[in-house]
2 protein chains.
Amino acid sequence: MIGTKQKILDTAERLFALQGYAATSMRQIISEAGVNLAAIHYHFGSKEELLDEVVLRKAGPVNAERLARLEAAVADGQTPQVGEILEAFLRPMAASASQNEQFVRFMGRVYAEGLLPHVVEKHFQPALARFRDGLRQALPELPEQEFLWRIHFMMGALAHTMCGAPESLQLLGVSAGFQDRIDRLKRFLSAGFRAEGE
Amino acid sequence: MIGTKQKILDTAERLFALQGYAATSMRQIISEAGVNLAAIHYHFGSKEELLDEVVLRKAGPVNAERLARLEAAVADGQTPQVGEILEAFLRPMAASASQNEQFVRFMGRVYAEGLLPHVVEKHFQPALARFRDGLRQALPELPEQEFLWRIHFMMGALAHTMCGAPESLQLLGVSAGFQDRIDRLKRFLSAGFRAEGE
DNA sequence: GTCTATACTGAGATAGAC
DNA sequence: GTCTATCTCAGTATAGAC
């Protein structure tokens, strides 16, 4: 028998991915999950904390995979290549998208919205910080401010790229998949990061 | 004597910029504007349409300036440079930011959020379409899908760059201004667009 | 410890009097 | 054009049953 908490998490994940966070009411979640309204507050405390746990379940494995790949890219002793580091950071997301594309889009939106800053801070920043250090090794000569801004540009492009459904982008055909998007994004970002600074 | 509609527009602009769209209630707007709640519905129809008019007032001049610069860059007969086209698109925003930095941040958020798609579509897409054509002339050899995705990456980086307050980015010092941001973004995007395709 | 029923506050929207 | 009153629905909080 599946517990109340699990039912809420599963239903919330599905509805958030389909409709977005704001557009999904707690009453819709509990109705489709077949539980009582107060159960959300009992198990999670608030709607925002429910989102927090939903994101954690999905983002946790992605971030773990990112860190594992990053370790491998950095630890071989040599100066890592920009493309290698980007690959370590971007590819796990494409893998996750092949399981649940809708939810990856949702996570892109969570990041891009900048609302729920606590959720973003908690689930995205730690892995990003490690990644930033790795990328710094690959770009030792870039001035610090320029480097930090480029990280910021990258995150904007990444979040926006995750969000979009191909239909809405008028980008159709075989190139619509996440693997393909990540390939294109990597080419774009690699060149941007390696541009002359200041 | 300033009319009710103007008072609502001015107050809404200020509060949206300060607090965001969702966090600003219609009751707060009418309270600070000194008008009645129903006046918003009478003059605008809904909260979303009020946002629409607030955005139009600010984005209209920026887009006009963009188009004027784009014409100048494209119409001199020669193949335009990527950097020129980007300059025409990005610089007017920095100029607008020097007047009202808070509201430019808010517009970045409106775009990034992807909520209010109708507002985004209406006020950002037309100028973007013209700009895309101009950039296409500067990059005639890039495969179409690659080109369109790079436009998408650019818009993500741009929106995210506009949103952020320097404090929250840990990017302090002289480099925090919008002119400087745009310079850095232009370097980054120029290199990205000119990278080898596919 | 878990869950249900119900009430509270504040949001956007609307009808109709003036 | 403007304002009052009211409607519906959101997230939240609590008392109490099992």
# chains A, B, ... in the order shown; residues from 1 in each chain; ligands from 1
call {"tool": "interface_residues", "arguments": {"of": "chain A", "to": "chain B", "cutoff": "6 Å", "atoms": "only C-alpha atoms", "output": "PyMOL selection string"}}
result
chain A and resi 112-113+153+156-157+160+188+191-192+195
call {"tool": "select_by_dssp", "arguments": {"residues": "region 60-115 of chain B", "states": "helix (DSSP H, G or I)", "output": "PyMOL selection string"}}
result
chain B and resi 60-74+82-99+101-113
call {"tool": "interface_residues", "arguments": {"of": "chain C", "to": "chain B", "cutoff": "10 Å", "atoms": "only C-alpha atoms (C1' of nucleotides)", "output": "PDB file with N, CA, C and O atoms (P, O5', C5', C4', C3', O3' and C1' of nucleotides), in the first residue's frame"}}
result
ATOM      1  P    DG C  10      -5.989  39.427   6.010  1.00  0.00           P
ATOM      2  O5'  DG C  10      -5.712  39.294   4.445  1.00  0.00           O
ATOM      3  C5'  DG C  10      -4.625  38.522   3.980  1.00  0.00           C
ATOM      4  C4'  DG C  10      -4.850  38.174   2.529  1.00  0.00           C
ATOM      5  C3'  DG C  10      -5.256  39.373   1.657  1.00  0.00           C
ATOM      6  O3'  DG C  10      -4.465  39.373   0.474  1.00  0.00           O
ATOM      7  C1'  DG C  10      -6.741  37.592   1.323  1.00  0.00           C
ATOM      8  P    DA C  11      -4.445  40.649  -0.490  1.00  0.00           P
ATOM      9  O5'  DA C  11      -4.729  40.045  -1.919  1.00  0.00           O
ATOM     10  C5'  DA C  11      -3.873  39.029  -2.435  1.00  0.00           C
ATOM     11  C4'  DA C  11      -4.612  38.192  -3.453  1.00  0.00           C
ATOM     12  C3'  DA C  11      -5.329  39.004  -4.524  1.00  0.00           C
ATOM     13  O3'  DA C  11      -4.448  39.221  -5.610  1.00  0.00           O
ATOM     14  C1'  DA C  11      -6.718  37.229  -3.684  1.00  0.00           C
ATOM     15  P    DG C  12      -4.830  40.373  -6.626  1.00  0.00           P
ATOM     16  O5'  DG C  12      -5.968  39.706  -7.517  1.00  0.00           O
ATOM     17  C5'  DG C  12      -5.634  38.610  -8.358  1.00  0.00           C
ATOM     18  C4'  DG C  12      -6.878  38.132  -9.073  1.00  0.00           C
ATOM     19  C3'  DG C  12      -7.478  39.153 -10.049  1.00  0.00           C
ATOM     20  O3'  DG C  12      -7.880  38.478 -11.236  1.00  0.00           O
ATOM     21  C1'  DG C  12      -9.093  38.564  -8.429  1.00  0.00           C
ATOM     22  P    DA C  13      -8.587  39.316 -12.433  1.00  0.00           P
ATOM     23  O5'  DA C  13     -10.134  39.130 -12.101  1.00  0.00           O
ATOM     24  C5'  DA C  13     -10.690  37.823 -12.120  1.00  0.00           C
ATOM     25  C4'  DA C  13     -12.179  37.902 -11.820  1.00  0.00           C
ATOM     26  C3'  DA C  13     -12.953  38.853 -12.747  1.00  0.00           C
ATOM     27  O3'  DA C  13     -13.988  38.130 -13.389  1.00  0.00           O
ATOM     28  C1'  DA C  13     -13.475  39.254 -10.464  1.00  0.00           C
ATOM     29  P    DT C  14     -14.834  38.822 -14.556  1.00  0.00           P
ATOM     30  O5'  DT C  14     -16.134  39.336 -13.801  1.00  0.00           O
ATOM     31  C5'  DT C  14     -16.821  38.436 -12.935  1.00  0.00           C
ATOM     32  C4'  DT C  14     -18.006  39.133 -12.295  1.00  0.00           C
ATOM     33  C3'  DT C  14     -18.747  40.132 -13.198  1.00  0.00           C
ATOM     34  O3'  DT C  14     -20.129  39.802 -13.149  1.00  0.00           O
ATOM     35  C1'  DT C  14     -18.305  41.101 -11.105  1.00  0.00           C
TER      36       DT C  14
END
call {"tool": "calpha_fit_rmsd", "arguments": {"fixed": "chain B", "moving": "chain A"}}
result
0.1 Å
call {"tool": "closest_atom_pairs", "arguments": {"of": "chain D", "to": "chain B", "cutoff": "12 Å", "atoms": "only C-alpha atoms (C1' of nucleotides)", "output": "Markdown table"}}
result
| residue | atom | partner | partner_atom | distance |
| --- | --- | --- | --- | --- |
| D:DG1 | C1' | B:Tyr42 | CA | 8.6 |
| D:DT2 | C1' | B:Ala39 | CA | 7.3 |
| D:DC3 | C1' | B:Asn36 | CA | 6.8 |
| D:DT4 | C1' | B:Ala38 | CA | 9.8 |
| D:DA5 | C1' | B:Ala38 | CA | 11.5 |
call {"tool": "write_last_selection", "arguments": {"atoms": "C-alpha atoms (C1' of nucleotides)", "output": "CSV table (one decimal), in the first residue's frame"}}
result
chain,number,residue,atom,x,y,z
D,1,DG,C1',-16.9,57.0,-14.4
D,2,DT,C1',-17.0,55.5,-9.9
D,3,DC,C1',-18.0,52.9,-5.7
D,4,DT,C1',-20.2,49.4,-2.6
D,5,DA,C1',-21.1,44.8,-1.8
call {"tool": "atom_distance", "arguments": {"atom1": "CA of Ser96 (chain A)", "atom2": "CA of Val62 (chain A)"}}
result
7.0 Å
call {"tool": "atom_distance", "arguments": {"atom1": "C1' of DC8 (chain C)", "atom2": "CA of Ser31 (chain B)"}}
result
22.9 Å
call {"tool": "atom_distance", "arguments": {"atom1": "CA of His118 (chain A)", "atom2": "CA of Val55 (chain A)"}}
result
11.8 Å
